[in-house]
>>> print(open('data-v4.txt').read())   # compact mmCIF, C-alpha atoms
# COMPACT_ATOMS: atom_id res chain seq x y z
CA MET O 75 -33.90 -102.63 57.76
CA THR O 76 -30.96 -104.20 55.90
CA GLU O 77 -28.90 -101.77 53.79
CA GLN O 78 -29.25 -102.54 50.11
CA PRO O 79 -25.94 -103.63 48.52
CA GLU O 80 -24.41 -101.42 45.83
CA THR O 81 -24.94 -102.35 42.22
CA LEU O 82 -22.49 -103.16 39.49
CA LEU O 83 -23.70 -99.97 37.82
CA LYS O 84 -22.47 -97.93 40.80
CA VAL O 85 -19.11 -99.70 40.77
CA LEU O 86 -18.62 -98.98 37.06
CA CYS O 87 -19.62 -95.34 37.48
CA ASP O 88 -17.18 -94.93 40.36
CA ARG O 89 -14.37 -96.50 38.35
CA ARG O 90 -15.02 -94.07 35.51
CA ASN O 91 -15.50 -91.15 37.87
CA LEU O 92 -18.86 -90.71 36.18
CA GLY O 93 -21.04 -88.41 38.30
CA ALA O 94 -24.78 -87.98 37.79
CA PRO O 95 -24.53 -84.93 35.45
CA ASP O 96 -21.89 -86.68 33.30
CA PHE O 97 -23.97 -89.86 33.30
CA VAL O 98 -27.00 -87.98 31.97
CA ALA O 99 -24.92 -86.32 29.24
CA LEU O 100 -23.35 -89.63 28.23
CA PHE O 101 -26.75 -91.33 28.23
CA ASP O 102 -28.17 -88.68 25.88
CA ARG O 103 -25.23 -88.92 23.46
CA THR O 104 -25.37 -92.73 23.45
CA ALA O 105 -29.14 -92.64 22.86
CA ASP O 106 -28.55 -90.49 19.77
CA GLU O 107 -26.09 -93.06 18.47
CA VAL O 108 -27.96 -96.26 19.38
CA VAL O 109 -31.58 -95.26 18.90
CA GLY O 110 -31.12 -92.33 16.55
CA LYS O 111 -31.79 -88.65 17.05
CA GLY O 112 -35.48 -88.02 17.58
CA THR O 113 -38.13 -86.76 19.93
CA ASN O 114 -38.90 -90.27 21.26
CA ASN O 115 -35.40 -91.02 22.46
CA PRO O 116 -35.15 -92.40 26.02
CA THR O 117 -33.90 -89.93 28.61
CA CYS O 118 -32.93 -89.98 32.26
CA SER O 119 -32.56 -87.42 35.01
CA GLU O 120 -29.97 -87.14 37.76
CA ARG O 121 -32.56 -88.41 40.23
CA THR O 122 -33.12 -91.45 38.00
CA VAL O 123 -29.37 -92.09 37.94
CA PHE O 124 -29.23 -92.17 41.72
CA ARG O 125 -32.14 -94.65 41.83
CA TRP O 126 -30.49 -96.90 39.24
CA ARG O 127 -27.15 -96.89 41.03
CA ALA O 128 -28.84 -97.70 44.32
CA GLY O 129 -30.64 -100.70 42.80
CA LYS O 130 -34.10 -99.21 43.37
CA THR O 131 -35.22 -99.92 39.83
CA ARG O 132 -36.09 -103.30 38.35
CA PRO O 133 -34.38 -103.72 34.95
CA GLU O 134 -37.49 -105.31 33.42
CA SER O 135 -39.40 -102.10 34.12
CA LEU O 136 -37.17 -100.19 31.72
CA SER O 137 -38.10 -99.65 28.11
CA ALA O 138 -36.35 -101.66 25.43
CA ASP O 139 -34.58 -98.54 24.13
CA THR O 140 -33.36 -97.60 27.62
CA ARG O 141 -31.92 -101.09 28.09
CA ARG O 142 -30.19 -100.82 24.68
CA VAL O 143 -28.62 -97.53 25.67
CA LEU O 144 -27.37 -98.81 29.03
CA GLN O 145 -25.93 -101.92 27.44
CA ALA O 146 -24.09 -99.77 24.86
CA MET O 147 -22.78 -97.48 27.58
CA PHE O 148 -21.28 -100.22 29.74
CA ALA O 149 -20.94 -103.22 27.38
CA CYS O 150 -22.76 -105.28 29.95
CA ASP O 151 -26.09 -107.09 30.31
CA VAL O 152 -28.64 -104.73 31.88
CA ALA O 153 -29.74 -107.31 34.46
CA ALA O 154 -26.15 -107.58 35.67
CA LEU O 155 -25.87 -103.79 35.92
CA PHE O 156 -28.73 -103.60 38.41
CA ALA O 157 -27.50 -106.59 40.42
CA PRO O 158 -24.79 -106.58 43.09
CA PRO O 159 -21.26 -106.63 41.70
CA PRO O 160 -19.68 -110.06 41.22
CA ALA O 161 -17.10 -111.41 43.65
CA GLU O 162 -13.53 -110.16 43.26
CA ASP O 163 -12.27 -113.47 41.90
CA SER O 164 -15.05 -113.91 39.38
CA GLN O 165 -14.92 -112.98 35.73
CA SER O 166 -16.26 -109.42 36.00
CA PRO O 167 -17.52 -107.49 33.03
CA ALA O 168 -16.70 -104.28 34.91
CA PHE O 169 -13.83 -103.32 32.70
CA ASN O 170 -14.00 -103.76 28.95
CA LEU O 171 -10.84 -102.29 27.40
CA GLU O 172 -12.22 -101.85 23.91
CA HIS O 173 -15.36 -100.24 25.22
CA GLU O 174 -13.35 -97.87 27.44
CA ILE O 175 -11.24 -96.85 24.46
CA ASN O 176 -14.35 -96.25 22.39
CA MET O 177 -15.94 -94.13 25.13
CA THR O 178 -12.74 -92.13 25.66
CA ALA O 179 -12.47 -91.44 21.93
CA ARG O 180 -16.13 -90.43 21.77
CA ASP O 181 -15.77 -88.04 24.73
CA ALA O 182 -12.62 -86.53 23.22
CA GLN O 183 -14.44 -85.94 19.95
CA ASP O 184 -17.32 -84.28 21.78
CA ASP O 185 -14.90 -82.02 23.66
CA ALA O 186 -13.12 -81.10 20.42
CA SER O 187 -16.45 -80.30 18.77
CA ALA O 188 -17.38 -78.06 21.69
CA THR O 189 -14.06 -76.25 21.44
CA ALA O 190 -14.47 -75.80 17.69
CA ALA O 191 -17.92 -74.35 18.30
CA ALA O 192 -16.37 -71.88 20.77
CA SER O 193 -14.37 -70.14 18.04
CA VAL O 194 -14.86 -67.60 15.28
CA SER O 195 -14.20 -68.08 11.61
CA ASP O 196 -10.90 -67.04 10.08
CA THR O 197 -12.91 -65.10 7.50
CA SER O 198 -14.45 -62.97 10.27
CA LEU O 199 -11.03 -62.32 11.77
CA ASP O 200 -9.60 -61.35 8.40
CA GLN O 201 -12.48 -58.93 7.84
CA LEU O 202 -12.02 -57.33 11.25
CA THR O 203 -8.30 -56.99 10.58
CA ASP O 204 -9.09 -55.24 7.30
CA ASP O 205 -11.68 -53.00 8.98
CA VAL O 206 -9.24 -51.79 11.62
CA ALA O 207 -6.52 -51.20 9.02
CA SER O 208 -8.96 -49.36 6.73
CA LEU O 209 -10.01 -47.01 9.53
CA ALA O 210 -6.38 -46.32 10.43
CA ARG O 211 -5.51 -45.56 6.80
CA ALA O 212 -8.57 -43.37 6.24
CA TYR O 213 -8.06 -41.46 9.50
CA ALA O 214 -6.30 -38.46 7.98
CA SER O 215 -9.19 -37.71 5.59
CA LEU O 216 -12.06 -38.25 8.06
CA PRO O 217 -13.55 -35.96 10.71
CA PRO O 218 -12.42 -37.14 14.16
CA MET O 219 -16.03 -37.68 15.25
CA GLU O 220 -16.60 -40.04 12.32
CA VAL O 221 -13.45 -41.94 13.28
CA PHE O 222 -14.76 -42.19 16.82
CA ARG O 223 -18.15 -43.55 15.68
CA ARG O 224 -16.56 -46.17 13.43
CA GLY O 225 -13.96 -47.06 16.01
CA ARG O 226 -16.61 -47.55 18.67
CA ALA O 227 -18.59 -49.90 16.41
CA LEU O 228 -15.42 -51.85 15.66
CA GLN O 229 -14.52 -52.08 19.34
CA GLU O 230 -17.95 -53.50 20.17
CA GLU O 231 -17.75 -56.08 17.39
CA LEU O 232 -14.28 -57.13 18.46
CA GLN O 233 -15.43 -57.54 22.04
CA SER O 234 -18.35 -59.67 20.86
CA GLN O 235 -16.00 -61.92 18.89
CA ARG O 236 -13.66 -62.25 21.87
CA ASP O 237 -16.57 -63.52 23.96
CA ARG O 238 -17.27 -66.23 21.38
CA THR O 239 -13.87 -67.86 21.08
CA GLN O 240 -11.72 -69.93 23.39
CA VAL O 241 -8.98 -70.53 20.84
CA PRO O 242 -5.74 -68.96 22.18
CA THR O 243 -4.43 -67.78 18.81
CA GLN O 244 -7.76 -66.12 18.03
CA GLN O 245 -7.85 -64.50 21.47
CA GLN O 246 -4.35 -63.14 20.85
CA ARG O 247 -5.30 -61.69 17.50
CA LEU O 248 -8.51 -60.14 18.84
CA LEU O 249 -6.63 -58.57 21.75
CA GLU O 250 -4.26 -56.90 19.29
CA LEU O 251 -7.12 -55.67 17.11
CA THR O 252 -9.12 -54.39 20.08
CA GLY O 253 -6.06 -52.52 21.29
CA GLN O 254 -5.64 -50.94 17.87
CA ALA O 255 -9.29 -49.85 17.86
CA MET O 256 -8.82 -48.36 21.33
CA ALA O 257 -5.73 -46.48 20.13
CA LEU O 258 -7.68 -44.99 17.21
CA LEU O 259 -10.45 -43.97 19.62
CA ALA O 260 -7.83 -42.31 21.81
CA ALA O 261 -6.40 -40.39 18.85
CA ALA O 262 -9.89 -39.27 17.80
CA ALA O 263 -10.76 -38.18 21.34
CA PHE O 264 -7.53 -36.18 21.47
CA ASP O 265 -8.29 -34.49 18.15
CA LEU O 266 -11.73 -33.61 19.51
CA GLY O 267 -10.11 -31.93 22.53
CA SER O 268 -11.39 -34.48 25.04
CA PHE O 269 -8.07 -35.00 26.78
CA ASP O 270 -9.27 -36.93 29.84
CA ASN O 271 -11.12 -39.45 27.70
CA ALA O 272 -8.19 -39.68 25.28
CA ARG O 273 -5.92 -40.46 28.22
CA ARG O 274 -8.23 -43.23 29.46
CA LEU O 275 -8.53 -44.76 26.00
CA ALA O 276 -4.77 -44.62 25.42
CA ARG O 277 -4.20 -46.41 28.71
CA ALA O 278 -6.78 -49.02 27.71
CA ALA O 279 -4.92 -49.53 24.42
CA ASP O 280 -1.68 -49.93 26.38
CA LEU O 281 -3.29 -52.61 28.58
CA TYR O 282 -4.45 -54.52 25.52
CA GLY O 283 -0.95 -54.26 24.09
CA GLU O 284 0.48 -55.58 27.35
CA SER O 285 -2.00 -58.49 27.46
CA ALA O 286 -1.27 -59.37 23.84
CA ARG O 287 2.50 -58.90 24.28
CA PHE O 288 2.30 -56.48 21.33
CA LYS O 289 5.00 -53.90 22.07
CA PRO O 290 4.48 -51.62 19.05
CA LEU O 291 0.93 -50.97 20.29
CA ARG O 292 2.25 -50.09 23.75
CA ALA O 293 4.75 -47.70 22.18
CA TYR O 294 2.03 -46.04 20.12
CA ALA O 295 -0.22 -45.66 23.19
CA ASP O 296 2.63 -44.09 25.17
CA GLY O 297 3.15 -41.70 22.27
CA ILE O 298 -0.47 -40.55 22.57
CA LEU O 299 -0.03 -40.09 26.31
CA ALA O 300 3.07 -38.02 25.59
CA TYR O 301 1.10 -35.84 23.16
CA ILE O 302 -1.63 -35.32 25.75
CA ALA O 303 0.93 -34.36 28.39
CA TYR O 304 2.56 -31.92 25.96
CA PHE O 305 -0.71 -30.23 25.01
CA THR O 306 -1.89 -30.01 28.62
CA GLY O 307 1.20 -28.17 29.82
CA MET O 308 3.25 -31.09 31.18
CA PRO O 309 6.30 -31.26 28.87
CA GLY O 310 8.43 -33.09 31.44
CA GLU O 311 5.94 -35.94 31.53
CA ALA O 312 5.79 -35.87 27.73
CA VAL O 313 9.56 -36.43 27.57
CA SER O 314 9.28 -39.28 30.09
CA LYS O 315 6.46 -41.02 28.16
CA ALA O 316 8.22 -40.65 24.81
CA ARG O 317 11.46 -42.04 26.19
CA ARG O 318 9.73 -44.96 27.89
CA ALA O 319 8.02 -45.85 24.63
CA GLN O 320 11.39 -46.02 22.90
CA THR O 321 12.55 -48.76 25.30
CA TYR O 322 10.08 -51.31 23.92
CA GLY O 323 11.66 -53.91 21.70
CA GLY O 324 10.60 -54.72 18.18
CA LEU O 325 10.00 -51.15 17.02
CA GLY O 326 10.65 -50.07 13.45
CA ASP O 327 12.09 -46.83 12.15
CA VAL O 328 8.67 -45.21 11.76
CA ALA O 329 7.82 -45.80 15.42
CA ARG O 330 11.15 -44.39 16.59
CA ARG O 331 10.86 -41.41 14.26
CA ARG O 332 7.45 -40.58 15.70
CA LEU O 333 8.54 -40.91 19.32
CA LEU O 334 11.72 -38.87 18.82
CA ALA O 335 9.70 -36.12 17.12
CA ILE O 336 7.36 -36.00 20.13
CA GLU O 337 10.33 -35.91 22.48
CA ALA O 338 11.94 -33.08 20.50
CA ARG O 339 8.84 -30.90 20.79
CA ALA O 340 8.60 -31.55 24.53
CA HIS O 341 12.25 -30.53 24.99
CA GLY O 342 11.52 -27.40 22.96
CA TYR O 343 8.59 -26.58 25.24
CA LEU O 344 10.96 -26.92 28.22
CA GLY O 345 13.41 -24.55 26.58
CA ASP O 346 16.08 -27.24 26.31
CA THR O 347 17.38 -26.28 22.89
CA ASP O 348 20.26 -28.75 22.77
CA SER O 349 18.10 -31.76 23.67
CA ALA O 350 15.41 -30.63 21.24
CA ARG O 351 17.90 -30.37 18.38
CA GLN O 352 19.47 -33.72 19.26
CA ALA O 353 16.10 -35.55 19.37
CA LEU O 354 15.09 -33.85 16.13
CA GLN O 355 18.27 -34.96 14.38
CA LEU O 356 17.84 -38.52 15.63
CA SER O 357 14.28 -38.49 14.31
CA LEU O 358 15.41 -37.39 10.87
CA ALA O 359 18.21 -39.96 10.89
CA ALA O 360 16.10 -43.02 11.85
CA GLU O 361 16.82 -45.05 8.72
CA SER O 362 17.98 -48.50 9.86
CA GLY O 363 15.45 -50.35 7.71
CA ALA O 364 13.67 -51.84 10.75
CA ARG O 365 9.90 -52.34 10.53
CA ASP O 366 7.10 -53.45 12.84
CA ASP O 367 3.61 -54.84 12.31
CA LEU O 368 1.75 -51.76 13.52
CA HIS O 369 3.50 -48.59 12.43
CA ASP O 370 4.61 -50.11 9.11
CA GLY O 371 2.30 -53.12 8.62
CA VAL O 372 -0.95 -51.26 9.33
CA GLY O 373 0.28 -47.70 8.86
CA GLY O 374 -2.16 -44.87 8.34
CA GLU O 375 -2.70 -43.10 11.67
CA PHE O 376 -0.25 -45.57 13.21
CA GLY O 377 2.40 -44.44 10.76
CA PHE O 378 4.33 -41.19 10.61
CA THR O 379 4.53 -39.79 7.11
CA PRO O 380 7.38 -37.55 5.89
CA GLU O 381 5.03 -34.54 5.82
CA ARG O 382 3.97 -35.21 9.39
CA LEU O 383 7.61 -35.36 10.47
CA ALA O 384 8.31 -32.11 8.64
CA MET O 385 5.32 -30.43 10.34
CA SER O 386 6.47 -31.63 13.76
CA SER O 387 9.96 -30.38 13.00
CA SER O 388 8.62 -26.92 12.17
CA SER O 389 6.77 -26.81 15.50
CA THR O 390 9.94 -27.79 17.36
CA ALA O 391 11.92 -25.13 15.50
CA LEU O 392 9.39 -22.49 16.56
CA LEU O 393 9.70 -23.57 20.19
CA ILE O 394 13.46 -23.09 20.12
CA HIS O 395 13.06 -19.76 18.25
CA ASP O 396 14.62 -20.94 15.00
CA GLY O 397 12.35 -19.14 12.55
CA GLU O 398 14.40 -20.01 9.48
CA GLN O 399 14.28 -23.76 10.19
CA ALA O 400 10.59 -23.50 11.08
CA GLU O 401 9.76 -21.94 7.71
CA GLN O 402 11.87 -24.46 5.82
CA SER O 403 10.24 -27.46 7.55
CA ALA O 404 6.72 -26.04 7.24
CA ARG O 405 7.17 -25.41 3.52
CA GLN O 406 8.49 -28.95 3.12
CA ALA O 407 5.41 -30.33 4.89
CA LEU O 408 3.07 -28.34 2.65
CA ASP O 409 4.93 -29.44 -0.50
CA LEU O 410 4.74 -33.11 0.54
CA VAL O 411 1.07 -33.03 1.47
CA GLY O 412 0.30 -31.21 -1.77
CA GLN O 413 1.74 -34.13 -3.73
CA ARG O 414 -0.88 -36.49 -2.36
CA PRO O 415 -4.30 -36.99 -3.99
CA GLN O 416 -6.88 -34.53 -2.72
CA ALA O 417 -8.92 -37.22 -0.96
CA SER O 418 -5.96 -38.50 1.06
CA ARG O 419 -4.50 -35.20 2.22
CA SER O 420 -4.36 -34.78 5.97
CA ALA O 421 -6.26 -31.72 7.17
CA HIS O 422 -4.25 -31.90 10.37
CA VAL O 423 -0.91 -31.69 8.55
CA LEU O 424 -2.14 -29.10 6.07
CA GLY O 425 -3.54 -26.83 8.78
CA GLY O 426 -0.66 -27.37 11.20
CA ALA O 427 2.02 -26.68 8.61
CA ALA O 428 0.19 -23.61 7.30
CA ALA O 429 -0.11 -22.22 10.81
CA ASP O 430 3.56 -22.93 11.57
CA LEU O 431 4.63 -21.23 8.36
CA ALA O 432 2.50 -18.21 9.22
CA MET O 433 3.97 -18.02 12.73
CA ALA O 434 7.52 -18.27 11.38
CA ARG O 435 6.79 -15.30 9.10
CA LEU O 436 5.16 -13.34 11.90
CA LEU O 437 8.30 -13.80 13.98
CA ALA O 438 10.13 -12.16 11.06
CA ASN O 439 7.50 -9.36 11.11
CA ASP O 440 6.15 -10.45 7.71
CA VAL O 441 2.40 -10.07 8.23
CA GLU O 442 1.58 -10.23 4.52
CA GLY O 443 3.60 -13.43 4.19
CA ALA O 444 1.74 -14.85 7.20
CA ALA O 445 -1.62 -14.01 5.65
CA ASP O 446 -0.57 -15.76 2.44
CA ALA O 447 0.66 -18.82 4.39
CA LEU O 448 -2.73 -19.16 6.08
CA THR O 449 -4.63 -19.42 2.77
CA PRO O 450 -4.97 -23.25 2.90
CA LEU O 451 -6.30 -23.01 6.44
CA TRP O 452 -9.63 -21.40 5.57
CA ASP O 453 -10.75 -24.36 3.46
CA ILE O 454 -10.51 -26.88 6.33
CA PRO O 455 -14.06 -27.93 7.34
CA GLY O 456 -15.10 -27.20 10.90
CA ASP O 457 -15.39 -30.87 11.80
CA GLN O 458 -11.76 -31.49 10.74
CA ARG O 459 -10.16 -28.68 12.72
CA ALA O 460 -8.35 -30.91 15.17
CA THR O 461 -6.67 -29.99 18.44
CA GLY O 462 -3.18 -29.50 16.97
CA VAL O 463 -4.43 -27.03 14.38
CA LEU O 464 -6.53 -25.08 16.89
CA VAL O 465 -3.63 -24.74 19.33
CA ARG O 466 -1.45 -23.30 16.57
CA THR O 467 -4.09 -20.86 15.31
CA GLY O 468 -4.74 -19.82 18.90
CA GLN O 469 -1.07 -18.89 19.22
CA ILE O 470 -1.30 -16.80 16.04
CA GLN O 471 -4.38 -15.03 17.37
CA GLN O 472 -2.57 -14.27 20.62
CA PHE O 473 0.53 -13.02 18.78
CA LEU O 474 -1.53 -10.64 16.62
CA ALA O 475 -3.23 -9.25 19.74
CA GLN O 476 -0.01 -7.49 20.75
CA PRO O 477 -0.30 -3.68 21.03
CA VAL O 478 2.09 -3.15 18.13
CA TYR O 479 -0.49 -4.59 15.70
CA ARG O 480 -3.64 -2.94 17.03
CA SER O 481 -3.56 0.10 14.76
CA SER O 482 -2.73 -1.85 11.58
CA THR O 483 -5.50 -3.02 9.27
CA LEU O 484 -4.08 -6.29 7.94
CA PRO O 485 -3.01 -7.71 11.35
CA ARG O 486 -6.44 -6.83 12.79
CA GLU O 487 -8.29 -8.45 9.88
CA LEU O 488 -6.08 -11.52 10.07
CA ARG O 489 -6.56 -11.77 13.83
CA ASP O 490 -10.33 -11.53 13.46
CA ARG O 491 -10.39 -14.19 10.76
CA VAL O 492 -8.21 -16.55 12.82
CA GLU O 493 -10.45 -15.89 15.81
CA ASP O 494 -13.56 -16.84 13.81
CA PHE O 495 -11.82 -19.96 12.52
CA THR O 496 -10.87 -21.03 16.04
CA ARG O 497 -14.19 -20.10 17.64
CA SER O 498 -16.34 -22.01 15.15
CA ALA O 499 -14.14 -25.07 15.47
CA SER O 500 -14.14 -24.84 19.27
CA THR O 501 -17.94 -24.65 19.30
CA HIS O 502 -18.04 -27.72 17.08
CA GLN O 503 -15.60 -29.49 19.38
CA LEU O 504 -17.73 -28.79 22.42
CA SER O 505 -20.83 -30.28 20.78
CA THR O 506 -18.95 -33.33 19.53
CA ARG O 507 -17.29 -33.75 22.91
CA SER O 508 -20.76 -34.03 24.45
CA ALA O 509 -21.69 -36.65 21.86
CA LEU O 510 -18.43 -38.47 22.55
CA LEU O 511 -19.23 -38.69 26.26
CA GLN O 512 -22.67 -40.10 25.43
CA LEU O 513 -21.07 -42.75 23.22
CA GLU O 514 -18.76 -43.75 26.07
CA ALA O 515 -21.54 -43.97 28.64
>>> encode(input="data-v4.txt", output="structure tokens")
Amino acid sequence: MTEQPETLLKVLCDRRNLGAPDFVALFDRTADEVVGKGTNNPTCSERTVFRWRAGKTRPESLSADTRRVLQAMFACDVAALFAPPPAEDSQSPAFNLEHEINMTARDAQDDASATAAASVSDTSLDQLTDDVASLARAYASLPPMEVFRRGRALQEELQSQRDRTQVPTQQQRLLELTGQAMALLAAAAFDLGSFDNARRLARAADLYGESARFKPLRAYADGILAYIAYFTGMPGEAVSKARRAQTYGGLGDVARRRLLAIEARAHGYLGDTDSARQALQLSLAAESGARDDLHDGVGGEFGFTPERLAMSSSSTALLIHDGEQAEQSARQALDLVGQRPQASRSAHVLGGAAADLAMARLLANDVEGAADALTPLWDIPGDQRATGVLVRTGQIQQFLAQPVYRSSTLPRELRDRVEDFTRSASTHQLSTRSALLQLEA
């Protein structure tokens, strides 16, 4: 049996590198243009394409619309398409420059339309940016579990939007926002006492910051890891994390102030008084005017307010046994937080500063002054008694358990009240920690 010669159609397809799947797609698009979009448009399958290219179909057997589509696709008479290609020296219709330009332009338009479809609206991105910023700024006045619920919903929405877009600038922006949501989740998990989960989430935030080349986010995540190390009895690692975070470029004064304050407390824990004082002084002196898009631009939980710095300073002073400085800084923190509207006052700062002030007075053997300092503490709701506050009140409880106070009424009453405050909050933390683990499953 003689092998059937190839057709002009096959030659043209080969020249265009037009495989069967691409042929079918081009045929469908051309049919929409030539015949008009409708249910009766001619179609073809990949198997049909192979038969046409092999010359196994008679052109007169095709419908009029199919012939119109093929002629529009190749700018050539349909009978010639299904016939053998003309001789090399003949006038071949195989290459029509204008038609090729038209087809190239049409394919480029289709590709651009597909890319545009694989994107998200700027309005959606703006809203997600606002949502992340709003959660960060409301953090101080919300229970940590509520922050975690909102942050989880935001993280899921951001992930959904990332799956929808192929636009590089949108991917970049969504990576930054997802990292910020992860960082807020890490902070909430830490405040709930779920240190292992907080560590995982902080590392996830750091990875998003690395992928997005967003160094302020990486610095913030390292700061959380330093906090976790500090509160889990690893002050040396806390110093290392805080110092590493300070090496990132593009950080503003707020970021450096926060990281130096963390470092100072870790040095205090280690008993390195000189390094603690030096880091503390550097933190207070960070006033170069530099800003960054996270700590300053978004702010809120990503920021580091003056009252928060004062509270951290009081804790450092206690660690290096400087009761006078501890009282001064704690009082400053309470004065600053008291100047804010009731709805925006941080329970964490209020409780932490009150506990530090009480401890400073206890170190001076002023039990009545300590009891007075703790007055703001009792009004903090159970679901807002975060890790930092509970650690401080636990230290007060332990201090008042010393034998010297056992026979005195006021120290015993104060110890019992602090114990109830800590126990009820710890019970709440355990229940919310269980819920947190279920959310992460």
>>> closest_residue(input="data-v4.txt", among="O:Ala154, O:Leu258, O:Cys118, O:Val194", to="Met219 in chain O", atoms="all atoms listed in the file")
O:Leu258
>>> residues_near_point(input="data-v4.txt", point="(14.1, -16.3, 4.5)", cutoff="10 Å", atoms="all atoms listed in the file", output="NGL selection string")
:O and (397-399 or 401-402 or 434-435 or 438)
>>> closest_residue(input="data-v4.txt", among="O:Arg90, O:Arg365, O:Lys84, O:Arg405", to="Ala128 in chain O", atoms="all atoms listed in the file")
O:Lys84
>>> atom_distance(input="data-v4.txt", atom1="CA of Leu202 in chain O", atom2="CA of Ala263 in chain O")
21.7 Å
>>> atom_distance(input="data-v4.txt", atom1="CA of Ala257 in chain O", atom2="CA of Ala295 in chain O")
6.4 Å
>>> atom_distance(input="data-v4.txt", atom1="CA of Asp139 in chain O", atom2="CA of Thr117 in chain O")
9.7 Å
>>> residues_around(input="data-v4.txt", residues="Asp494 in chain O", least_positions_apart="3", cutoff="12 Å", atoms="only C-alpha atoms", output="PDB file with C-alpha atoms, keeping the file's coordinate frame")
ATOM      1  CA  TRP O 452      -9.630 -21.400   5.570  1.00  0.00           C
ATOM      2  CA  GLY O 456     -15.100 -27.200  10.900  1.00  0.00           C
ATOM      3  CA  LEU O 464      -6.530 -25.080  16.890  1.00  0.00           C
ATOM      4  CA  THR O 467      -4.090 -20.860  15.310  1.00  0.00           C
ATOM      5  CA  GLY O 468      -4.740 -19.820  18.900  1.00  0.00           C
ATOM      6  CA  GLN O 471      -4.380 -15.030  17.370  1.00  0.00           C
ATOM      7  CA  GLU O 487      -8.290  -8.450   9.880  1.00  0.00           C
ATOM      8  CA  LEU O 488      -6.080 -11.520  10.070  1.00  0.00           C
ATOM      9  CA  ARG O 489      -6.560 -11.770  13.830  1.00  0.00           C
ATOM     10  CA  ASP O 490     -10.330 -11.530  13.460  1.00  0.00           C
ATOM     11  CA  ARG O 491     -10.390 -14.190  10.760  1.00  0.00           C
ATOM     12  CA  ARG O 497     -14.190 -20.100  17.640  1.00  0.00           C
ATOM     13  CA  SER O 498     -16.340 -22.010  15.150  1.00  0.00           C
ATOM     14  CA  ALA O 499     -14.140 -25.070  15.470  1.00  0.00           C
ATOM     15  CA  SER O 500     -14.140 -24.840  19.270  1.00  0.00           C
ATOM     16  CA  THR O 501     -17.940 -24.650  19.300  1.00  0.00           C
TER      17      THR O 501
END
>>> closest_residue(input="data-v4.txt", among="O:Arg247, O:Arg223, O:Arg277, O:His395", to="Lys315 in chain O", atoms="all atoms listed in the file")
O:Arg277
>>> residues_around(input="data-v4.txt", residues="range 319-327 of chain O", least_positions_apart="5", cutoff="7 Å", atoms="all atoms listed in the file", output="list in words")
Lys289, Pro290, Ala293, Asp296, Gly297, Leu333, Ala360, Glu361, Ser362, Gly363, Ala364, Arg365 and Asp366 of chain O
>>> write_last_selection(input="data-v4.txt", atoms="C-alpha atoms", output="PDB file, in the coordinates of the input")
ATOM      1  CA  LYS O 289       5.000 -53.900  22.070  1.00  0.00           C
ATOM      2  CA  PRO O 290       4.480 -51.620  19.050  1.00  0.00           C
ATOM      3  CA  ALA O 293       4.750 -47.700  22.180  1.00  0.00           C
ATOM      4  CA  ASP O 296       2.630 -44.090  25.170  1.00  0.00           C
ATOM      5  CA  GLY O 297       3.150 -41.700  22.270  1.00  0.00           C
ATOM      6  CA  LEU O 333       8.540 -40.910  19.320  1.00  0.00           C
ATOM      7  CA  ALA O 360      16.100 -43.020  11.850  1.00  0.00           C
ATOM      8  CA  GLU O 361      16.820 -45.050   8.720  1.00  0.00           C
ATOM      9  CA  SER O 362      17.980 -48.500   9.860  1.00  0.00           C
ATOM     10  CA  GLY O 363      15.450 -50.350   7.710  1.00  0.00           C
ATOM     11  CA  ALA O 364      13.670 -51.840  10.750  1.00  0.00           C
ATOM     12  CA  ARG O 365       9.900 -52.340  10.530  1.00  0.00           C
ATOM     13  CA  ASP O 366       7.100 -53.450  12.840  1.00  0.00           C
TER      14      ASP O 366
END
>>> closest_residue(input="data-v4.txt", among="O:Val241, O:Ala359, O:Leu83, O:Ala427", to="Arg125 in chain O", atoms="only C-alpha atoms")
O:Leu83
>>> residues_around(input="data-v4.txt", residues="Pro133 in chain O", least_positions_apart="6", cutoff="8 Å", atoms="all atoms listed in the file", output="PyMOL selection string")
chain O and resi 141+152-153+156
>>> closest_residue(input="data-v4.txt", among="O:Leu393, O:Ala207, O:Ala429, O:Val313", to="Val463 in chain O", atoms="all atoms listed in the file")
O:Ala429
>>> residues_around(input="data-v4.txt", residues="Gly443 in chain O", least_positions_apart="5", cutoff="9 Å", atoms="all atoms listed in the file", output="JSON, numbers by chain")
{"O": [431, 432, 435, 436, 448]}
>>> residues_around(input="data-v4.txt", residues="Arg236 in chain O", least_positions_apart="6", cutoff="8 Å", atoms="all atoms listed in the file", output="ChimeraX atom specification")
/O:245,248-249
>>> write_last_selection(input="data-v4.txt", atoms="C-alpha atoms", output="PDB file, keeping the file's coordinate frame")
ATOM      1  CA  GLN O 245      -7.850 -64.500  21.470  1.00  0.00           C
ATOM      2  CA  LEU O 248      -8.510 -60.140  18.840  1.00  0.00           C
ATOM      3  CA  LEU O 249      -6.630 -58.570  21.750  1.00  0.00           C
TER       4      LEU O 249
END
>>> closest_residue(input="data-v4.txt", among="O:Gly462, O:Gly93, O:Gly412, O:Gly342", to="Arg127 in chain O", atoms="all atoms listed in the file")
O:Gly93
